[in-house]
>>> print(open('my_file_33.csv').read())   # CSV, C-alpha atoms (C1' of nucleotides)
chain,number,residue,atom,x,y,z
A,575,MET,CA,-45.0,9.7,5.8
A,576,ASP,CA,-43.8,13.2,5.6
A,577,GLN,CA,-43.1,13.0,9.2
A,578,ASP,CA,-40.8,10.1,8.5
A,579,LEU,CA,-38.9,12.2,6.0
A,580,ALA,CA,-38.5,15.0,8.5
A,581,SER,CA,-37.2,12.6,11.1
A,582,THR,CA,-34.7,11.1,8.6
A,583,VAL,CA,-33.3,14.5,7.7
A,584,ALA,CA,-33.2,15.6,11.4
A,585,ALA,CA,-31.4,12.4,12.4
A,586,PHE,CA,-28.9,12.7,9.6
A,587,ARG,CA,-28.3,16.4,10.5
A,588,ALA,CA,-27.7,15.4,14.1
A,589,VAL,CA,-25.0,12.8,13.3
A,590,MET,CA,-23.4,15.2,10.9
A,591,LEU,CA,-23.2,18.0,13.5
A,592,THR,CA,-21.5,15.8,16.0
A,593,LEU,CA,-19.0,14.5,13.6
A,594,LYS,CA,-18.2,17.9,12.0
A,595,ARG,CA,-17.3,19.8,15.0
A,596,ALA,CA,-13.6,20.4,15.8
A,597,LYS,CA,-13.8,19.0,19.3
A,598,THR,CA,-14.9,15.6,18.1
A,599,HIS,CA,-12.1,15.4,15.6
A,600,ASP,CA,-9.6,16.5,18.2
A,601,MET,CA,-10.8,14.0,20.6
A,602,MET,CA,-10.5,11.2,18.0
A,603,ALA,CA,-7.0,12.4,17.0
A,604,THR,CA,-5.9,12.5,20.6
A,605,VAL,CA,-7.3,9.0,21.3
A,606,ALA,CA,-5.3,7.8,18.2
A,607,GLY,CA,-2.2,9.6,19.5
A,608,MET,CA,-1.9,11.8,16.4
A,609,ARG,CA,-1.6,15.5,15.7
A,610,ILE,CA,-3.5,15.8,12.4
A,611,ASP,CA,-6.2,18.1,11.2
A,612,GLN,CA,-9.4,17.4,9.4
A,613,PRO,CA,-8.4,18.1,5.8
A,614,ASP,CA,-5.3,16.0,6.3
A,615,ALA,CA,-7.3,13.1,7.5
A,616,GLN,CA,-9.7,13.4,4.6
A,617,VAL,CA,-7.0,13.3,2.0
A,618,LEU,CA,-5.2,10.3,3.7
A,619,ILE,CA,-8.4,8.4,4.0
A,620,HIS,CA,-9.4,9.0,0.4
A,621,LEU,CA,-6.1,7.8,-0.9
A,622,LEU,CA,-6.2,4.7,1.3
A,623,ASP,CA,-9.7,4.0,0.1
A,624,ALA,CA,-8.7,4.6,-3.6
A,625,GLY,CA,-5.9,2.0,-3.2
A,626,GLU,CA,-3.7,3.8,-5.7
A,627,PRO,CA,-2.1,7.2,-6.4
A,628,ARG,CA,-4.4,9.9,-7.5
A,629,ARG,CA,-4.1,13.3,-9.1
A,630,VAL,CA,-4.8,16.5,-7.2
A,631,GLY,CA,-7.8,17.3,-9.3
A,632,VAL,CA,-9.3,13.9,-8.8
A,633,ILE,CA,-8.9,14.1,-5.0
A,634,ALA,CA,-10.4,17.6,-5.0
A,635,GLN,CA,-13.4,16.4,-6.9
A,636,ALA,CA,-13.9,13.4,-4.6
A,637,LEU,CA,-13.7,15.5,-1.5
A,638,HIS,CA,-15.9,18.2,-3.1
A,639,VAL,CA,-13.3,21.0,-2.5
A,640,GLU,CA,-11.3,23.2,-4.9
A,641,SER,CA,-7.9,22.1,-5.9
A,642,PRO,CA,-5.8,24.8,-4.2
A,643,HIS,CA,-7.0,23.4,-1.0
A,644,VAL,CA,-5.8,20.0,-1.8
A,645,THR,CA,-2.5,21.4,-3.1
A,646,ARG,CA,-1.7,22.9,0.3
A,647,THR,CA,-2.7,19.8,2.3
A,648,VAL,CA,-0.6,17.6,0.0
A,649,ASN,CA,2.4,19.9,0.4
A,650,LYS,CA,2.1,19.7,4.1
A,651,LEU,CA,1.7,15.9,4.2
A,652,GLU,CA,4.5,15.5,1.7
A,653,GLY,CA,6.8,17.6,4.0
A,654,GLN,CA,5.8,15.2,6.8
A,655,GLY,CA,6.8,12.2,4.8
A,656,MET,CA,3.2,10.8,4.5
A,657,LEU,CA,2.7,11.4,0.8
A,658,GLU,CA,4.9,11.4,-2.3
A,659,ARG,CA,4.4,13.1,-5.7
A,660,VAL,CA,5.3,11.3,-8.9
A,661,ARG,CA,5.0,12.9,-12.4
A,662,ASP,CA,2.1,11.4,-14.3
A,663,PRO,CA,3.8,9.4,-17.1
A,664,GLU,CA,0.8,10.0,-19.3
A,665,ASP,CA,0.5,13.8,-18.7
A,666,GLY,CA,3.4,16.0,-18.0
A,667,ARG,CA,1.2,18.6,-16.4
A,668,ALA,CA,-0.1,16.3,-13.7
A,669,TRP,CA,1.2,14.5,-10.6
A,670,ARG,CA,0.2,11.3,-9.0
A,671,ILE,CA,-0.1,11.6,-5.2
A,672,GLY,CA,0.6,8.4,-3.3
A,673,LEU,CA,0.8,7.3,0.3
A,674,THR,CA,4.2,6.4,1.7
A,675,PRO,CA,4.4,3.5,4.2
A,676,LYS,CA,4.2,6.1,7.0
A,677,GLY,CA,1.2,7.8,5.3
A,678,THR,CA,-0.5,4.4,4.9
A,679,ASP,CA,-0.1,3.7,8.6
A,680,VAL,CA,-1.6,7.1,9.6
A,681,ALA,CA,-4.4,6.7,7.1
A,682,GLN,CA,-5.3,3.4,8.6
A,683,VAL,CA,-5.4,4.8,12.1
A,684,CYS,CA,-7.6,7.7,10.9
A,685,MET,CA,-10.0,5.3,9.2
A,686,ARG,CA,-10.1,3.0,12.2
A,687,VAL,CA,-11.0,5.8,14.5
A,688,HIS,CA,-13.9,6.9,12.4
A,689,THR,CA,-15.1,3.3,11.9
A,690,GLU,CA,-14.8,2.5,15.6
A,691,ILE,CA,-17.4,5.1,16.5
A,692,PHE,CA,-19.9,3.6,14.2
A,693,GLU,CA,-19.0,0.2,15.3
A,694,THR,CA,-19.6,1.0,19.0
A,695,ALA,CA,-22.9,2.8,18.2
A,696,MET,CA,-24.1,-0.3,16.3
A,697,SER,CA,-22.6,-2.9,18.6
A,698,THR,CA,-26.0,-4.1,19.9
A,699,TRP,CA,-27.7,-4.0,16.6
A,700,SER,CA,-29.0,-7.1,14.8
A,701,PRO,CA,-27.1,-8.3,11.7
A,702,GLN,CA,-30.2,-7.4,9.7
A,703,ASP,CA,-30.3,-3.9,10.9
A,704,ARG,CA,-26.6,-3.4,10.2
A,705,ALA,CA,-26.9,-4.8,6.7
A,706,ASP,CA,-30.0,-2.7,6.0
A,707,LEU,CA,-28.3,0.5,7.1
A,708,THR,CA,-25.3,-0.2,4.9
A,709,ARG,CA,-27.5,-0.9,1.9
A,710,LEU,CA,-29.8,2.1,2.5
A,711,LEU,CA,-27.0,4.6,3.1
A,712,GLY,CA,-25.2,3.3,0.0
A,713,LYS,CA,-28.3,4.0,-2.1
A,714,LEU,CA,-28.9,7.3,-0.5
A,715,SER,CA,-25.3,8.4,-1.1
A,716,THR,CA,-25.4,7.4,-4.8
A,717,GLU,CA,-28.7,9.1,-5.5
A,718,MET,CA,-28.0,12.3,-3.6
A,719,SER,CA,-24.6,12.7,-5.2
A,720,ALA,CA,-26.2,12.4,-8.6
A,721,ILE,CA,-28.9,14.9,-7.8
A,722,LEU,CA,-26.6,17.5,-6.4
A,723,GLU,CA,-24.1,17.1,-9.2
A,724,GLU,CA,-26.8,17.6,-11.8
A,725,ARG,CA,-28.2,20.6,-10.1
A,726,LEU,CA,-24.8,22.2,-9.6
A,727,GLU,CA,-24.1,21.9,-13.3
A,728,LYS,CA,-27.3,23.6,-14.2
A,729,ALA,CA,-26.5,26.5,-11.9
B,1165,MET,CA,-19.1,-7.9,8.2
B,1166,ASP,CA,-16.3,-5.5,8.7
B,1167,GLN,CA,-16.6,-4.6,5.1
B,1168,ASP,CA,-20.2,-3.7,5.7
B,1169,LEU,CA,-19.0,-1.3,8.4
B,1170,ALA,CA,-16.5,0.3,6.2
B,1171,SER,CA,-19.1,0.8,3.5
B,1172,THR,CA,-21.5,2.3,5.9
B,1173,VAL,CA,-18.9,4.8,7.1
B,1174,ALA,CA,-17.8,5.6,3.6
B,1175,ALA,CA,-21.4,6.2,2.4
B,1176,PHE,CA,-22.1,8.4,5.3
B,1177,ARG,CA,-19.0,10.4,4.7
B,1178,ALA,CA,-19.9,10.8,1.0
B,1179,VAL,CA,-23.3,12.3,1.8
B,1180,MET,CA,-21.9,14.5,4.4
B,1181,LEU,CA,-19.2,15.9,2.1
B,1182,THR,CA,-21.8,16.8,-0.6
B,1183,LEU,CA,-24.1,18.5,1.9
B,1184,LYS,CA,-21.3,20.3,3.8
B,1185,ARG,CA,-19.7,22.2,0.9
B,1186,ALA,CA,-20.5,25.8,0.3
B,1187,LYS,CA,-21.6,25.4,-3.3
B,1188,THR,CA,-24.4,23.0,-2.3
B,1189,HIS,CA,-25.7,25.4,0.3
B,1190,ASP,CA,-25.5,28.3,-2.1
B,1191,MET,CA,-27.3,26.4,-4.7
B,1192,MET,CA,-30.1,25.4,-2.3
B,1193,ALA,CA,-30.4,29.0,-1.1
B,1194,THR,CA,-30.6,30.3,-4.6
B,1195,VAL,CA,-33.3,27.8,-5.5
B,1196,ALA,CA,-35.2,28.9,-2.5
B,1197,GLY,CA,-34.6,32.5,-3.5
B,1198,MET,CA,-32.9,33.5,-0.3
B,1199,ARG,CA,-29.7,35.1,0.8
B,1200,ILE,CA,-28.8,33.3,3.9
B,1201,ASP,CA,-25.7,31.5,5.1
B,1202,GLN,CA,-25.2,28.1,6.7
B,1203,PRO,CA,-25.1,29.1,10.4
B,1204,ASP,CA,-28.3,31.2,9.9
B,1205,ALA,CA,-30.1,28.3,8.4
B,1206,GLN,CA,-29.1,26.0,11.2
B,1207,VAL,CA,-30.3,28.3,13.9
B,1208,LEU,CA,-33.6,28.9,12.2
B,1209,ILE,CA,-34.2,25.2,11.5
B,1210,HIS,CA,-33.4,24.3,15.1
B,1211,LEU,CA,-35.9,26.8,16.4
B,1212,LEU,CA,-38.6,25.7,14.0
B,1213,ASP,CA,-37.9,22.1,15.1
B,1214,ALA,CA,-38.0,23.0,18.7
B,1215,GLY,CA,-41.4,24.7,18.3
B,1216,GLU,CA,-40.8,27.2,21.1
B,1217,PRO,CA,-38.3,29.9,22.0
B,1218,ARG,CA,-34.9,28.7,23.3
B,1219,ARG,CA,-32.0,30.1,25.2
B,1220,VAL,CA,-28.7,30.9,23.4
B,1221,GLY,CA,-26.9,28.2,25.4
B,1222,VAL,CA,-29.5,25.6,24.6
B,1223,ILE,CA,-29.2,26.3,20.9
B,1224,ALA,CA,-25.4,26.2,21.0
B,1225,GLN,CA,-25.5,22.8,22.7
B,1226,ALA,CA,-27.9,21.4,20.2
B,1227,LEU,CA,-25.9,22.6,17.3
B,1228,HIS,CA,-22.6,21.6,18.9
B,1229,VAL,CA,-21.0,25.0,18.7
B,1230,GLU,CA,-19.9,27.5,21.3
B,1231,SER,CA,-22.3,30.2,22.5
B,1232,PRO,CA,-20.5,33.3,21.1
B,1233,HIS,CA,-21.1,31.8,17.6
B,1234,VAL,CA,-24.8,31.6,18.3
B,1235,THR,CA,-24.9,35.1,19.8
B,1236,ARG,CA,-23.6,36.6,16.6
B,1237,THR,CA,-25.9,34.7,14.4
B,1238,VAL,CA,-28.9,35.6,16.5
B,1239,ASN,CA,-27.9,39.3,16.5
B,1240,LYS,CA,-27.8,39.3,12.7
B,1241,LEU,CA,-31.1,37.5,12.4
B,1242,GLU,CA,-32.7,39.7,15.0
B,1243,GLY,CA,-31.5,42.7,12.9
B,1244,GLN,CA,-33.2,41.2,9.9
B,1245,GLY,CA,-36.4,40.8,11.7
B,1246,MET,CA,-36.4,37.0,11.8
B,1247,LEU,CA,-35.8,36.5,15.5
B,1248,GLU,CA,-36.8,38.2,18.7
B,1249,ARG,CA,-35.2,38.2,22.1
B,1250,VAL,CA,-37.4,38.1,25.3
B,1251,ARG,CA,-36.0,38.1,28.8
B,1252,ASP,CA,-36.4,34.8,30.4
B,1253,PRO,CA,-39.0,35.4,33.2
B,1254,GLU,CA,-37.4,32.7,35.3
B,1255,ASP,CA,-33.8,33.8,35.0
B,1256,GLY,CA,-32.8,37.5,34.6
B,1257,ARG,CA,-29.5,36.6,33.0
B,1258,ALA,CA,-31.0,34.6,30.2
B,1259,TRP,CA,-33.0,35.3,27.0
B,1260,ARG,CA,-35.5,33.3,25.1
B,1261,ILE,CA,-34.8,33.5,21.3
B,1262,GLY,CA,-38.0,33.0,19.3
B,1263,LEU,CA,-38.9,33.0,15.6
B,1264,THR,CA,-40.9,36.0,14.3
B,1265,PRO,CA,-43.5,35.3,11.6
B,1266,LYS,CA,-41.0,36.3,9.0
B,1267,GLY,CA,-38.4,34.0,10.6
B,1268,THR,CA,-40.8,31.2,10.7
B,1269,ASP,CA,-41.4,31.5,7.0
B,1270,VAL,CA,-37.7,31.5,6.1
B,1271,ALA,CA,-37.1,28.6,8.5
B,1272,GLN,CA,-39.8,26.6,6.7
B,1273,VAL,CA,-38.2,27.3,3.4
B,1274,CYS,CA,-34.8,26.2,4.7
B,1275,MET,CA,-36.1,23.0,6.1
B,1276,ARG,CA,-38.1,22.3,2.9
B,1277,VAL,CA,-35.0,22.7,0.7
B,1278,HIS,CA,-33.1,20.2,2.8
B,1279,THR,CA,-36.0,17.8,3.0
B,1280,GLU,CA,-36.6,18.0,-0.7
B,1281,ILE,CA,-33.2,16.6,-1.6
B,1282,PHE,CA,-33.7,13.6,0.6
B,1283,GLU,CA,-37.2,13.2,-0.8
B,1284,THR,CA,-36.0,13.3,-4.4
B,1285,ALA,CA,-33.2,10.8,-3.6
B,1286,MET,CA,-35.7,8.4,-2.0
B,1287,SER,CA,-38.6,9.0,-4.4
B,1288,THR,CA,-38.3,5.5,-6.0
B,1289,TRP,CA,-37.8,3.7,-2.7
B,1290,SER,CA,-40.3,1.2,-1.2
B,1291,PRO,CA,-42.2,2.4,1.9
B,1292,GLN,CA,-40.4,-0.3,3.8
B,1293,ASP,CA,-36.9,1.0,2.9
B,1294,ARG,CA,-37.9,4.6,3.8
B,1295,ALA,CA,-39.3,3.5,7.1
B,1296,ASP,CA,-36.2,1.4,7.8
B,1297,LEU,CA,-33.8,4.3,7.0
B,1298,THR,CA,-35.7,6.6,9.3
B,1299,ARG,CA,-35.6,4.1,12.1
B,1300,LEU,CA,-32.0,3.2,11.7
B,1301,LEU,CA,-30.7,6.7,11.3
B,1302,GLY,CA,-32.7,7.6,14.4
B,1303,LYS,CA,-31.0,4.9,16.4
B,1304,LEU,CA,-27.6,5.7,15.0
B,1305,SER,CA,-28.0,9.4,15.9
B,1306,THR,CA,-29.1,8.7,19.5
B,1307,GLU,CA,-26.3,6.3,20.2
B,1308,MET,CA,-23.5,8.2,18.5
B,1309,SER,CA,-24.4,11.4,20.3
B,1310,ALA,CA,-24.3,9.5,23.6
B,1311,ILE,CA,-21.0,7.9,22.8
B,1312,LEU,CA,-19.3,11.2,21.7
B,1313,GLU,CA,-20.8,13.2,24.6
B,1314,GLU,CA,-19.5,10.7,27.1
B,1315,ARG,CA,-16.0,10.7,25.5
B,1316,LEU,CA,-15.8,14.4,25.3
B,1317,GLU,CA,-16.6,14.7,29.0
B,1318,LYS,CA,-13.8,12.3,29.9
B,1319,ALA,CA,-11.3,14.3,27.9
C,615,DT,C1',-6.2,27.8,-26.8
C,616,DA,C1',-7.6,24.4,-23.1
C,617,DT,C1',-6.1,22.1,-19.1
C,618,DT,C1',-3.3,20.8,-14.6
C,619,DG,C1',-1.6,22.4,-10.9
C,620,DT,C1',0.3,26.2,-7.9
C,621,DT,C1',0.7,30.7,-5.5
C,622,DA,C1',-1.6,34.6,-3.4
C,623,DT,C1',-5.5,36.4,-1.3
C,624,DA,C1',-9.9,36.7,0.9
C,625,DC,C1',-13.9,35.0,2.9
C,626,DT,C1',-16.8,31.8,6.0
C,627,DC,C1',-17.3,29.3,10.0
C,628,DT,C1',-16.0,28.3,14.6
C,629,DA,C1',-13.2,28.4,19.0
C,630,DT,C1',-10.9,30.7,23.0
C,631,DA,C1',-10.3,34.4,26.3
C,632,DA,C1',-11.8,38.4,28.7
C,633,DC,C1',-15.7,40.9,30.3
C,634,DT,C1',-20.6,42.2,32.1
C,635,DA,C1',-24.6,41.3,34.6
C,636,DT,C1',-27.6,38.5,37.3
C,637,DA,C1',-28.0,34.5,40.7
D,95,DT,C1',-18.7,32.4,43.5
D,96,DA,C1',-21.0,30.4,39.8
D,97,DT,C1',-23.7,31.0,35.6
D,98,DA,C1',-25.8,33.3,31.0
D,99,DG,C1',-24.6,35.9,27.7
D,100,DT,C1',-21.8,39.2,25.0
D,101,DT,C1',-17.6,41.4,22.9
D,102,DA,C1',-13.2,40.9,21.0
D,103,DT,C1',-9.8,38.2,19.0
D,104,DA,C1',-7.7,34.3,16.7
D,105,DG,C1',-7.7,30.1,14.2
D,106,DA,C1',-9.3,26.4,11.0
D,107,DG,C1',-11.2,25.5,6.6
D,108,DT,C1',-12.4,26.6,2.1
D,109,DA,C1',-13.1,29.5,-2.1
D,110,DT,C1',-11.7,32.8,-6.0
D,111,DA,C1',-8.4,35.0,-8.9
D,112,DA,C1',-4.1,35.3,-11.2
D,113,DC,C1',-0.4,32.7,-12.9
D,114,DA,C1',2.9,28.9,-14.8
D,115,DA,C1',3.7,24.9,-17.5
D,116,DT,C1',2.3,21.3,-20.5
D,117,DA,C1',-1.0,19.6,-24.0
>>> encode(input="my_file_33.csv", output="structure tokens")
Amino acid sequence: MDQDLASTVAAFRAVMLTLKRAKTHDMMATVAGMRIDQPDAQVLIHLLDAGEPRRVGVIAQALHVESPHVTRTVNKLEGQGMLERVRDPEDGRAWRIGLTPKGTDVAQVCMRVHTEIFETAMSTWSPQDRADLTRLLGKLSTEMSAILEERLEKA
Amino acid sequence: MDQDLASTVAAFRAVMLTLKRAKTHDMMATVAGMRIDQPDAQVLIHLLDAGEPRRVGVIAQALHVESPHVTRTVNKLEGQGMLERVRDPEDGRAWRIGLTPKGTDVAQVCMRVHTEIFETAMSTWSPQDRADLTRLLGKLSTEMSAILEERLEKA
DNA sequence: TATTGTTATACTCTATAACTATA
DNA sequence: TATAGTTATAGAGTATAACAATA
């Protein structure tokens, strides 16, 4: 049983390591014909996933980074015509960051590239196995986020 | 079905983001009472997992980083008495990097801290769900590594 | 006075290039 | 000449601190 747990952690770590490294991202970006770095892709994907404009602070929280990091990424992408800033009508201090049509296109490509790797890896799986992985990873994600959030607040 | 896939990728990304950030690692290290950074922990865990001394190049390949990065980490850990270098008897150019007793202790703590988070997250799961996640992540890891390795070679 | 975001700066992690030594 | 590893350097990614503007 404990061996199972160790295997789970090891497998997760292995996938994470392959996805995290720069070469993997570069290869994916090249395949997609884009010149874009990892933080850019994360912001774009997040906004596409959200389906509506979001504040800098909200994006930072979702990506688990500090807001200055998001500010710089947003500035760059705004300069490239992928994002646009609009004053938040309900709070004069805040902005809403939204995807432009161009940004939406690029975000979709980014998401597609990520998805495609999983799709290929699972191409021979049974529908049951696919559904199970989705369900279990969803549970794992929810519960791990809650645990870590709680512990970080304590510390 | 495609929605399933998108959810899977999103869930994986969410877990990855929480684990990757510095604050999470720092919190874990503090809980474990250690002052150790992320690359250190990765090398120690890899060697513990391997169960025997390994070459620098082999470690680098397993962690998906370049060898100079491993060299520096190993130098540091050697200076702290956690690793030891022994000339490879079969190849005078190479070294075998092994855990000292102290390094083994620290590696076990590192691994335990990681494992404990997964364990807590899955504490209420059925044995079936746990076993399924282990099996499916194992498959995913194997196939994704193969795909990415193949594509990186082509590029 | 607290909060949203930005600017400025520094640190961590990782990659590339140039070199040494053995094969 | 090819390979294992190291040293030196540079880059990507992220955090912290100090500040501006609005609430």
>>> residues_around(input="my_file_33.csv", residues="Glu690 of chain A", least_positions_apart="6", cutoff="12 Å", atoms="all atoms listed in the file", output="ChimeraX atom specification")
/A:602,605-606,682-684,696-697 /B:1166,1169-1170,1172-1173,1308,1311-1312
>>> interface_residues(input="my_file_33.csv", of="chain B", to="chain D", cutoff="10 Å", atoms="only C-alpha atoms (C1' of nucleotides)", output="ChimeraX atom specification")
/B:1185-1187,1219-1221,1231-1232,1235-1236,1255-1259
>>> atom_distance(input="my_file_33.csv", atom1="atom CA of Gln1202 of chain B", atom2="atom CA of Phe1176 of chain B")
20.0 Å
>>> calpha_fit_and_write(input="my_file_33.csv", fixed="chain A", moving="chain B", output="compact mmCIF listing (two decimals) with C-alpha atoms, in the frame of the given file")
# COMPACT_ATOMS: atom_id res chain seq x y z
CA MET B 1165 -44.96 9.62 5.74
CA ASP B 1166 -43.79 13.15 5.55
CA GLN B 1167 -43.01 12.95 9.18
CA ASP B 1168 -40.78 10.01 8.47
CA LEU B 1169 -38.90 12.21 6.01
CA ALA B 1170 -38.47 14.96 8.44
CA SER B 1171 -37.15 12.56 11.03
CA THR B 1172 -34.74 11.08 8.63
CA VAL B 1173 -33.36 14.51 7.74
CA ALA B 1174 -33.20 15.57 11.34
CA ALA B 1175 -31.33 12.39 12.40
CA PHE B 1176 -28.90 12.78 9.63
CA ARG B 1177 -28.26 16.35 10.52
CA ALA B 1178 -27.72 15.40 14.19
CA VAL B 1179 -25.01 12.88 13.33
CA MET B 1180 -23.38 15.19 10.96
CA LEU B 1181 -23.22 18.05 13.49
CA THR B 1182 -21.53 15.79 16.11
CA LEU B 1183 -18.97 14.48 13.63
CA LYS B 1184 -18.28 17.89 12.00
CA ARG B 1185 -17.27 19.87 15.10
CA ALA B 1186 -13.67 20.44 15.91
CA LYS B 1187 -13.79 19.02 19.42
CA THR B 1188 -14.89 15.60 18.11
CA HIS B 1189 -12.06 15.49 15.63
CA ASP B 1190 -9.57 16.59 18.23
CA MET B 1191 -10.76 14.03 20.60
CA MET B 1192 -10.51 11.24 18.00
CA ALA B 1193 -7.01 12.40 17.05
CA THR B 1194 -5.90 12.45 20.62
CA VAL B 1195 -7.23 8.95 21.20
CA ALA B 1196 -5.35 7.83 18.20
CA GLY B 1197 -2.30 9.67 19.48
CA MET B 1198 -1.87 11.84 16.44
CA ARG B 1199 -1.56 15.48 15.62
CA ILE B 1200 -3.42 15.86 12.45
CA ASP B 1201 -6.20 18.13 11.28
CA GLN B 1202 -9.46 17.43 9.47
CA PRO B 1203 -8.40 18.16 5.86
CA ASP B 1204 -5.27 15.96 6.34
CA ALA B 1205 -7.33 13.10 7.55
CA GLN B 1206 -9.71 13.36 4.64
CA VAL B 1207 -7.00 13.31 2.06
CA LEU B 1208 -5.27 10.36 3.63
CA ILE B 1209 -8.50 8.37 4.04
CA HIS B 1210 -9.46 9.03 0.43
CA LEU B 1211 -6.14 7.75 -0.81
CA LEU B 1212 -6.24 4.67 1.37
CA ASP B 1213 -9.79 4.04 0.05
CA ALA B 1214 -8.75 4.55 -3.47
CA GLY B 1215 -5.90 2.02 -3.12
CA GLU B 1216 -3.69 3.72 -5.71
CA PRO B 1217 -2.11 7.11 -6.29
CA ARG B 1218 -4.45 9.89 -7.51
CA ARG B 1219 -4.17 13.23 -9.16
CA VAL B 1220 -4.77 16.45 -7.15
CA GLY B 1221 -7.85 17.24 -9.24
CA VAL B 1222 -9.30 13.80 -8.75
CA ILE B 1223 -8.94 14.08 -5.00
CA ALA B 1224 -10.47 17.56 -4.92
CA GLN B 1225 -13.50 16.31 -6.86
CA ALA B 1226 -14.00 13.38 -4.59
CA LEU B 1227 -13.78 15.47 -1.51
CA HIS B 1228 -15.88 18.26 -3.02
CA VAL B 1229 -13.36 21.00 -2.50
CA GLU B 1230 -11.35 23.15 -4.86
CA SER B 1231 -7.89 22.03 -5.99
CA PRO B 1232 -5.77 24.76 -4.28
CA HIS B 1233 -7.09 23.39 -0.93
CA VAL B 1234 -5.84 19.95 -1.82
CA THR B 1235 -2.50 21.28 -3.08
CA ARG B 1236 -1.75 22.82 0.28
CA THR B 1237 -2.74 19.82 2.22
CA VAL B 1238 -0.67 17.54 0.05
CA ASN B 1239 2.37 19.85 0.36
CA LYS B 1240 2.15 19.67 4.15
CA LEU B 1241 1.73 15.92 4.16
CA GLU B 1242 4.49 15.46 1.65
CA GLY B 1243 6.71 17.55 4.01
CA GLN B 1244 5.83 15.20 6.81
CA GLY B 1245 6.76 12.22 4.83
CA MET B 1246 3.26 10.80 4.46
CA LEU B 1247 2.74 11.43 0.77
CA GLU B 1248 4.84 11.38 -2.35
CA ARG B 1249 4.39 13.10 -5.66
CA VAL B 1250 5.28 11.26 -8.96
CA ARG B 1251 4.91 12.81 -12.38
CA ASP B 1252 2.09 11.31 -14.22
CA PRO B 1253 3.76 9.33 -17.10
CA GLU B 1254 0.76 9.95 -19.30
CA ASP B 1255 0.39 13.67 -18.75
CA GLY B 1256 3.41 15.95 -18.04
CA ARG B 1257 1.25 18.55 -16.35
CA ALA B 1258 -0.16 16.21 -13.77
CA TRP B 1259 1.10 14.39 -10.63
CA ARG B 1260 0.11 11.19 -9.00
CA ILE B 1261 -0.14 11.64 -5.17
CA GLY B 1262 0.52 8.35 -3.37
CA LEU B 1263 0.69 7.26 0.27
CA THR B 1264 4.16 6.45 1.68
CA PRO B 1265 4.37 3.59 4.19
CA LYS B 1266 4.23 6.08 6.98
CA GLY B 1267 1.19 7.74 5.35
CA THR B 1268 -0.48 4.47 4.94
CA ASP B 1269 -0.15 3.76 8.61
CA VAL B 1270 -1.60 7.12 9.69
CA ALA B 1271 -4.39 6.75 7.13
CA GLN B 1272 -5.30 3.38 8.65
CA VAL B 1273 -5.41 4.88 12.06
CA CYS B 1274 -7.66 7.70 10.86
CA MET B 1275 -10.06 5.40 9.17
CA ARG B 1276 -10.09 3.06 12.21
CA VAL B 1277 -11.00 5.91 14.59
CA HIS B 1278 -13.94 6.88 12.41
CA THR B 1279 -15.04 3.31 11.90
CA GLU B 1280 -14.80 2.56 15.57
CA ILE B 1281 -17.43 5.11 16.54
CA PHE B 1282 -19.91 3.68 14.11
CA GLU B 1283 -19.01 0.20 15.30
CA THR B 1284 -19.54 1.08 18.96
CA ALA B 1285 -22.88 2.79 18.12
CA MET B 1286 -24.07 -0.31 16.24
CA SER B 1287 -22.53 -2.94 18.53
CA THR B 1288 -25.95 -4.09 19.89
CA TRP B 1289 -27.65 -4.07 16.50
CA SER B 1290 -28.94 -7.21 14.71
CA PRO B 1291 -26.96 -8.29 11.61
CA GLN B 1292 -30.05 -7.51 9.62
CA ASP B 1293 -30.23 -3.85 10.77
CA ARG B 1294 -26.48 -3.36 10.08
CA ALA B 1295 -26.81 -4.83 6.65
CA ASP B 1296 -29.89 -2.70 5.96
CA LEU B 1297 -28.16 0.55 7.07
CA THR B 1298 -25.21 -0.18 4.85
CA ARG B 1299 -27.43 -0.82 1.89
CA LEU B 1300 -29.65 2.13 2.40
CA LEU B 1301 -26.92 4.62 3.11
CA GLY B 1302 -25.19 3.34 -0.01
CA LYS B 1303 -28.24 4.04 -2.11
CA LEU B 1304 -28.85 7.38 -0.49
CA SER B 1305 -25.24 8.47 -1.15
CA THR B 1306 -25.30 7.44 -4.84
CA GLU B 1307 -28.55 9.18 -5.57
CA MET B 1308 -27.94 12.36 -3.61
CA SER B 1309 -24.56 12.86 -5.22
CA ALA B 1310 -26.20 12.47 -8.63
CA ILE B 1311 -28.97 14.86 -7.79
CA LEU B 1312 -26.62 17.60 -6.38
CA GLU B 1313 -24.06 17.17 -9.20
CA GLU B 1314 -26.75 17.61 -11.80
CA ARG B 1315 -28.16 20.73 -10.04
CA LEU B 1316 -24.82 22.29 -9.57
CA GLU B 1317 -24.07 21.93 -13.27
CA LYS B 1318 -27.31 23.68 -14.20
CA ALA B 1319 -26.50 26.60 -11.94
>>> interface_residues(input="my_file_33.csv", of="chain C", to="chain A", cutoff="9 Å", atoms="all atoms listed in the file", output="count of residues only")
7
>>> closest_residue(input="my_file_33.csv", among="A:Met656, A:Val639, A:Leu618, A:Ala603", to="chain B", atoms="all atoms listed in the file")
A:Val639
>>> atom_distance(input="my_file_33.csv", atom1="atom C1' of DA635 of chain C", atom2="atom CA of Leu1241 of chain B")
23.4 Å
>>> closest_atom_pairs(input="my_file_33.csv", of="chain A", to="chain B", cutoff="6 Å", atoms="only C-alpha atoms", output="tab-separated table")
residue	atom	partner	partner_atom	distance
A:Thr582	CA	B:Thr1298	CA	4.7
A:Ala585	CA	B:Gly1302	CA	5.4
A:Val589	CA	B:Ser1305	CA	5.2
A:Ala695	CA	B:Glu1307	CA	5.3
A:Thr708	CA	B:Thr1172	CA	4.7
A:Leu711	CA	B:Ala1175	CA	5.9
A:Gly712	CA	B:Ala1175	CA	5.3
A:Ser715	CA	B:Val1179	CA	5.3
A:Glu717	CA	B:Ala1285	CA	5.2
A:Met718	CA	B:Ala1285	CA	5.4
